[in-house]
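What follows is the content of upload_2.cif, which has mmCIF, C-alpha atoms:
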```
data_final
#
loop_
_atom_site.label_atom_id
_atom_site.label_comp_id
_atom_site.auth_asym_id
_atom_site.auth_seq_id
_atom_site.Cartn_x
_atom_site.Cartn_y
_atom_site.Cartn_z
CA MET A 463 -51.73 78.52 -64.89
CA LYS A 464 -49.89 80.85 -62.53
CA HIS A 465 -50.77 78.62 -59.60
CA ARG A 466 -49.36 75.61 -61.35
CA ILE A 467 -46.06 77.33 -62.11
CA PHE A 468 -45.77 78.50 -58.50
CA PHE A 469 -46.38 74.97 -57.18
CA ILE A 470 -43.64 73.50 -59.40
CA PHE A 471 -41.21 76.24 -58.34
CA SER A 472 -41.96 75.59 -54.65
CA ILE A 473 -41.19 71.86 -55.02
CA PHE A 474 -37.87 72.68 -56.76
CA VAL A 475 -36.76 75.03 -54.01
CA LEU A 476 -37.74 72.52 -51.31
CA CYS A 477 -35.70 69.70 -52.94
CA LEU A 478 -32.69 71.95 -53.32
CA PHE A 479 -32.78 72.90 -49.65
CA SER A 480 -33.11 69.22 -48.52
CA CYS A 481 -30.05 68.11 -50.48
CA LYS A 482 -27.91 70.87 -49.03
CA SER A 483 -28.98 70.01 -45.48
CA THR A 484 -28.08 66.32 -46.02
CA ASP A 485 -24.60 67.21 -47.28
CA GLN A 486 -23.94 69.42 -44.28
CA GLU A 487 -25.11 66.69 -41.82
CA ALA A 488 -22.86 64.11 -43.47
CA THR A 489 -19.93 66.46 -43.18
CA VAL A 490 -20.61 66.98 -39.46
CA ILE A 491 -20.81 63.23 -38.78
CA GLU A 492 -17.61 62.64 -40.73
CA ASN A 493 -15.85 65.34 -38.75
CA GLN A 494 -17.03 63.76 -35.48
CA ILE A 495 -15.49 60.44 -36.47
CA THR A 496 -12.22 61.62 -37.95
CA GLU A 497 -11.57 64.70 -35.87
CA PRO A 498 -12.96 64.38 -32.37
CA GLY A 499 -13.19 67.46 -30.23
CA GLU A 500 -10.95 68.13 -27.25
CA ASP A 501 -13.53 66.94 -24.71
CA GLU A 502 -14.18 63.64 -26.48
CA VAL A 503 -12.84 60.41 -24.80
CA ILE A 504 -11.55 57.64 -27.01
CA GLU A 505 -11.44 54.13 -25.40
CA VAL A 506 -8.29 52.28 -26.31
CA ILE A 507 -8.22 48.48 -25.90
CA VAL A 508 -4.71 47.13 -25.29
CA GLU A 509 -4.05 43.43 -25.83
CA PRO A 510 -2.27 41.80 -22.84
CA GLU A 511 1.40 40.99 -23.33
CA VAL A 512 2.33 37.37 -23.81
CA GLU A 513 4.61 36.11 -21.00
CA ILE A 514 7.64 34.40 -22.45
CA ILE A 515 9.49 31.97 -20.18
CA GLU A 516 12.97 31.35 -21.47
CA ASP A 517 13.82 28.54 -19.06
CA GLU A 518 10.85 26.36 -18.24
CA PRO A 519 10.83 24.89 -14.73
CA GLU A 520 12.26 21.39 -14.56
CA VAL A 521 9.73 18.60 -14.23
CA PRO A 522 10.93 15.91 -11.82
CA GLU A 523 11.37 12.46 -13.28
CA PRO A 524 8.69 9.97 -12.18
CA GLU A 525 9.82 7.72 -9.34
CA VAL A 526 10.63 4.25 -10.61
CA PHE A 527 9.98 1.19 -8.46
CA GLU A 528 11.40 -2.26 -8.87
CA ASP A 529 8.84 -5.00 -9.46
CA ASP A 530 9.01 -6.21 -5.87
CA GLU A 531 8.49 -2.68 -4.53
CA VAL A 532 5.22 -2.00 -6.30
CA MET A 533 2.21 -2.31 -4.08
CA ASP A 534 -1.35 -1.41 -4.95
CA VAL A 535 -4.00 -0.19 -2.54
CA ASP A 536 -5.55 -3.63 -1.99
CA GLU A 537 -2.19 -5.08 -0.99
CA VAL A 538 -1.56 -2.28 1.48
CA VAL A 539 -4.96 -2.86 3.13
CA GLU A 540 -4.28 -6.61 3.29
CA VAL A 541 -0.91 -6.08 4.96
CA ASP A 542 -2.44 -3.68 7.48
CA ASP A 543 -5.17 -6.19 8.33
CA GLU A 544 -2.62 -8.95 8.80
CA TYR A 545 -0.52 -6.70 11.03
CA LEU A 546 -3.54 -5.96 13.22
CA ARG A 547 -4.33 -9.67 13.46
CA SER A 548 -0.75 -10.45 14.41
CA ILE A 549 -0.61 -8.05 17.36
CA ASN A 550 -4.14 -8.70 18.60
CA GLU A 551 -3.05 -11.05 21.41
CA ILE A 552 -0.35 -8.80 22.85
CA ASP A 553 -1.20 -7.67 26.37
CA SER A 554 -1.91 -3.96 26.63
CA ASP A 555 0.89 -3.67 29.18
CA GLU A 556 3.41 -5.07 26.69
CA GLU A 557 5.57 -2.88 24.50
CA SER A 558 3.88 -2.39 21.14
CA VAL A 559 5.19 -3.84 17.87
CA THR A 560 5.54 -1.46 14.94
CA LEU A 561 4.58 -2.34 11.39
CA ALA A 562 8.26 -2.29 10.39
CA GLU A 563 9.14 -4.70 13.21
CA PHE A 564 6.29 -6.97 12.18
CA ASN A 565 7.53 -7.07 8.58
CA ASP A 566 11.09 -7.83 9.70
CA ASP A 567 10.01 -10.53 12.15
CA LYS A 568 7.70 -12.20 9.68
CA ALA A 569 10.38 -12.27 6.97
CA ALA A 570 12.93 -13.74 9.39
CA ILE A 571 10.59 -16.43 10.68
CA LEU A 572 9.33 -17.51 7.26
CA SER A 573 12.95 -17.77 6.13
CA ILE A 574 13.74 -20.06 9.07
CA ILE A 575 10.70 -22.21 8.31
CA ASP A 576 11.86 -22.58 4.69
CA GLU A 577 15.24 -23.78 5.91
CA LEU A 578 13.61 -26.16 8.36
CA SER A 579 11.60 -27.63 5.51
CA ASP A 580 14.83 -28.62 3.77
CA VAL A 581 16.27 -29.90 7.05
CA MET A 582 13.28 -32.18 7.58
CA THR A 583 13.35 -33.42 3.99
CA ASN A 584 17.01 -34.32 4.27
CA PHE A 585 16.70 -35.51 7.85
CA GLU A 586 19.56 -33.29 9.05
CA PHE A 587 19.31 -33.76 12.80
CA ASP A 588 22.45 -31.83 13.78
CA LYS A 589 21.48 -28.84 11.65
CA TRP A 590 17.95 -28.97 13.05
CA LYS A 591 19.32 -28.46 16.58
CA THR A 592 20.84 -25.12 15.54
CA PHE A 593 17.32 -23.77 14.96
CA ILE A 594 15.96 -24.98 18.33
CA SER A 595 16.02 -22.99 21.56
CA PRO A 596 18.62 -24.39 24.01
CA THR A 597 15.90 -24.50 26.66
CA SER A 598 13.80 -26.81 24.46
CA ILE A 599 16.78 -29.04 23.68
CA GLU A 600 17.44 -29.39 27.39
CA TYR A 601 13.76 -30.12 28.12
CA TYR A 602 13.48 -32.93 25.55
CA SER A 603 16.82 -34.38 26.44
CA ASN A 604 15.21 -35.35 29.75
CA PRO A 605 13.88 -38.98 29.57
CA ALA A 606 10.95 -38.12 31.81
CA ASN A 607 9.72 -35.46 29.41
CA LEU A 608 10.24 -37.78 26.45
CA ARG A 609 8.01 -40.36 28.12
CA LYS A 610 5.31 -37.75 28.54
CA ALA A 611 5.53 -36.89 24.85
CA GLN A 612 5.51 -40.58 23.92
CA LYS A 613 2.17 -41.10 25.63
CA LYS A 614 0.64 -38.43 23.38
CA LEU A 615 1.59 -40.27 20.18
CA PRO A 616 -1.23 -42.04 18.30
CA ASP A 617 1.12 -44.97 17.53
CA LYS A 618 1.78 -46.57 20.90
CA GLN A 619 4.54 -48.78 19.44
CA ILE A 620 6.89 -45.82 19.00
CA GLN A 621 9.41 -45.23 21.76
CA LEU A 622 11.21 -41.95 22.25
CA LYS A 623 14.66 -42.80 23.56
CA GLY A 624 16.32 -39.48 22.85
CA LEU A 625 16.12 -36.11 21.12
CA ARG A 626 16.76 -37.68 17.71
CA ASP A 627 13.65 -39.80 18.12
CA TYR A 628 11.68 -36.68 19.02
CA PHE A 629 12.90 -35.05 15.81
CA LYS A 630 12.00 -38.11 13.74
CA TYR A 631 8.68 -39.18 15.26
CA VAL A 632 7.22 -35.95 16.66
CA PHE A 633 8.67 -32.85 15.05
CA ILE A 634 8.73 -33.95 11.40
CA PRO A 635 5.32 -35.70 11.14
CA SER A 636 3.48 -32.81 12.75
CA ARG A 637 4.98 -30.17 10.42
CA LYS A 638 5.88 -31.75 7.10
CA VAL A 639 2.61 -30.67 5.46
CA SER A 640 2.41 -27.24 7.11
CA LYS A 641 1.69 -24.10 5.15
CA VAL A 642 2.64 -21.21 7.39
CA GLU A 643 1.46 -17.83 6.09
CA GLU A 644 1.13 -15.53 9.09
CA ILE A 645 2.52 -14.88 12.54
CA ARG A 646 0.84 -14.03 15.84
CA TYR A 647 2.57 -12.22 18.68
CA ILE A 648 2.16 -13.56 22.19
CA SER A 649 4.66 -10.94 23.24
CA LYS A 650 7.29 -8.92 21.45
CA SER A 651 9.77 -11.79 21.85
CA TYR A 652 7.38 -14.75 21.60
CA ILE A 653 5.56 -15.59 18.35
CA LYS A 654 3.30 -18.27 16.89
CA ALA A 655 3.67 -19.18 13.22
CA VAL A 656 0.29 -20.19 11.85
CA GLU A 657 -1.66 -21.35 8.84
CA VAL A 658 -4.99 -19.60 8.29
CA ARG A 659 -7.69 -21.84 6.86
CA GLU A 660 -10.38 -19.43 5.78
CA GLU A 661 -12.73 -22.09 4.44
CA GLU A 662 -12.78 -23.70 7.88
CA ASP A 663 -12.47 -20.42 9.76
CA THR A 664 -9.61 -21.88 11.78
CA THR A 665 -5.98 -21.05 12.55
CA VAL A 666 -3.44 -23.86 12.97
CA VAL A 667 -0.30 -23.25 15.03
CA TYR A 668 2.75 -25.11 13.67
CA TYR A 669 5.65 -23.34 15.36
CA TYR A 670 6.46 -21.26 18.40
CA PHE A 671 9.41 -18.90 18.17
CA VAL A 672 11.24 -17.16 20.98
CA LYS A 673 13.78 -14.40 20.53
CA GLU A 674 17.09 -15.21 22.22
CA ASN A 675 20.15 -12.99 21.94
CA GLY A 676 18.59 -11.15 19.00
CA SER A 677 17.78 -14.32 17.00
CA TRP A 678 14.55 -16.24 16.59
CA LYS A 679 14.68 -19.85 17.78
CA VAL A 680 12.03 -22.57 17.66
CA LYS A 681 10.50 -23.26 21.03
CA LEU A 682 9.19 -26.80 21.28
CA PRO A 683 5.87 -27.00 23.15
CA GLU A 684 6.21 -28.66 26.51
CA VAL A 685 3.97 -31.54 27.58
CA ASN A 686 1.58 -30.85 30.44
#
```
How does the structure come out when it is put into structure tokens?
Amino acid sequence: MKHRIFFIFSIFVLCLFSCKSTDQEATVIENQITEPGEDEVIEVIVEPEVEIIEDEPEVPEPEVFEDDEVMDVDEVVEVDDEYLRSINEIDSDEESVTLAEFNDDKAAILSIIDELSDVMTNFEFDKWKTFISPTSIEYYSNPANLRKAQKKLPDKQIQLKGLRDYFKYVFIPSRKVSKVEEIRYISKSYIKAVEVREEEDTTVVYYYFVKENGSWKVKLPEVN
């Protein structure tokens, strides 16, 4: 009986001691959290400040092109290829032709050809002479040269008695169905105006132009 009472008393004392130890440990942990010692380092995380820009930098307006100024990559490549074809025959000793000069020359020559088309349709002989090089007018005003040209005609009944006949029977028939699209430089001041027939892989020359006093004039091919 005495042993039993002693056993129960021992368990009671042990439980009492355990509870007291737990309360003391909890108090220590709490103190460590709420009241750190002098040697304890607390890491402080600071959020970065937000940069406020009062005046945002100006964004440039997009560049606007007119319809005729817009050019895609394929068109640029095509123009470059045409330019290279146009200057291919220029002798290496000749002064080179820039892309800008090529564009200006081509525009000027195609404009002249458009005017000549109207001249031929309306049979305006006097106006036609203003587009022709004076050297060519002098050459075909010579009866001997007209006879040479006459022999080349497929219709042997036609007679070339003067420059007007050359205009009517030679110049107009050989160019009235032309479709000039490109130019070819022989030199910087001498150009061929041609039609490119890709399906036939051929190039047809319809006009020769020579630059005289800053203006392009038609040079009539001479008869050998």
Excluding Asn686 of chain A and residues on its chain fewer than 4 positions from it, collect all residues at most 12 Å away from it, counting all atoms listed in the file, and give them as a VMD selection string. chain A and resid 606 to 611 613 to 614
Excluding segment 630-643 of chain A and its own-chain neighbours fewer than 5 positions away, which residues fall within 10 Å of it when counting all atoms listed in the file? Please give them as a VMD selection string. chain A and resid 568 571 to 572 575 to 576 578 to 579 581 to 583 585 587 611 to 612 614 to 615 617 620 to 622 625 654 to 659 666 to 669 682
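Computed from the coordinates, the atom CA of Glu684 of chain A to atom CA of Ile549 of chain A distance equals 23.6 Å.
Each of A:Ser554, A:Ser595, A:Asn604, A:Thr560 was checked against Phe671 of chain A using only C-alpha atoms; the smallest atom-to-atom distance is that of A:Ser595.
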Could you tell me how far atom CA of Thr665 of chain A sits from atom CA of Glu600 of chain A, in Å to one decimal place?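 Taking atom CA of Glu600 of chain A as the start and atom CA of Thr665 of chain A as the end point, the length is 29.0 Å.
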Would you compute an axis-aligned box for segment 571-588 of chain A, covering every atom listed for it in the file with 4 Å of margin on each side, and report centre and edge lengths in Å to one decimal as JSON?
```
{"center_x": 15.9, "center_y": -26.0, "center_z": 8.8, "size_x": 21.1, "size_y": 27.1, "size_z": 18.0}
```
So how many Å separate atom CA of Lys681 of chain A and atom CA of Glu557 of chain A, to one decimal?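 That distance, rounded to one decimal, is 21.3 Å.
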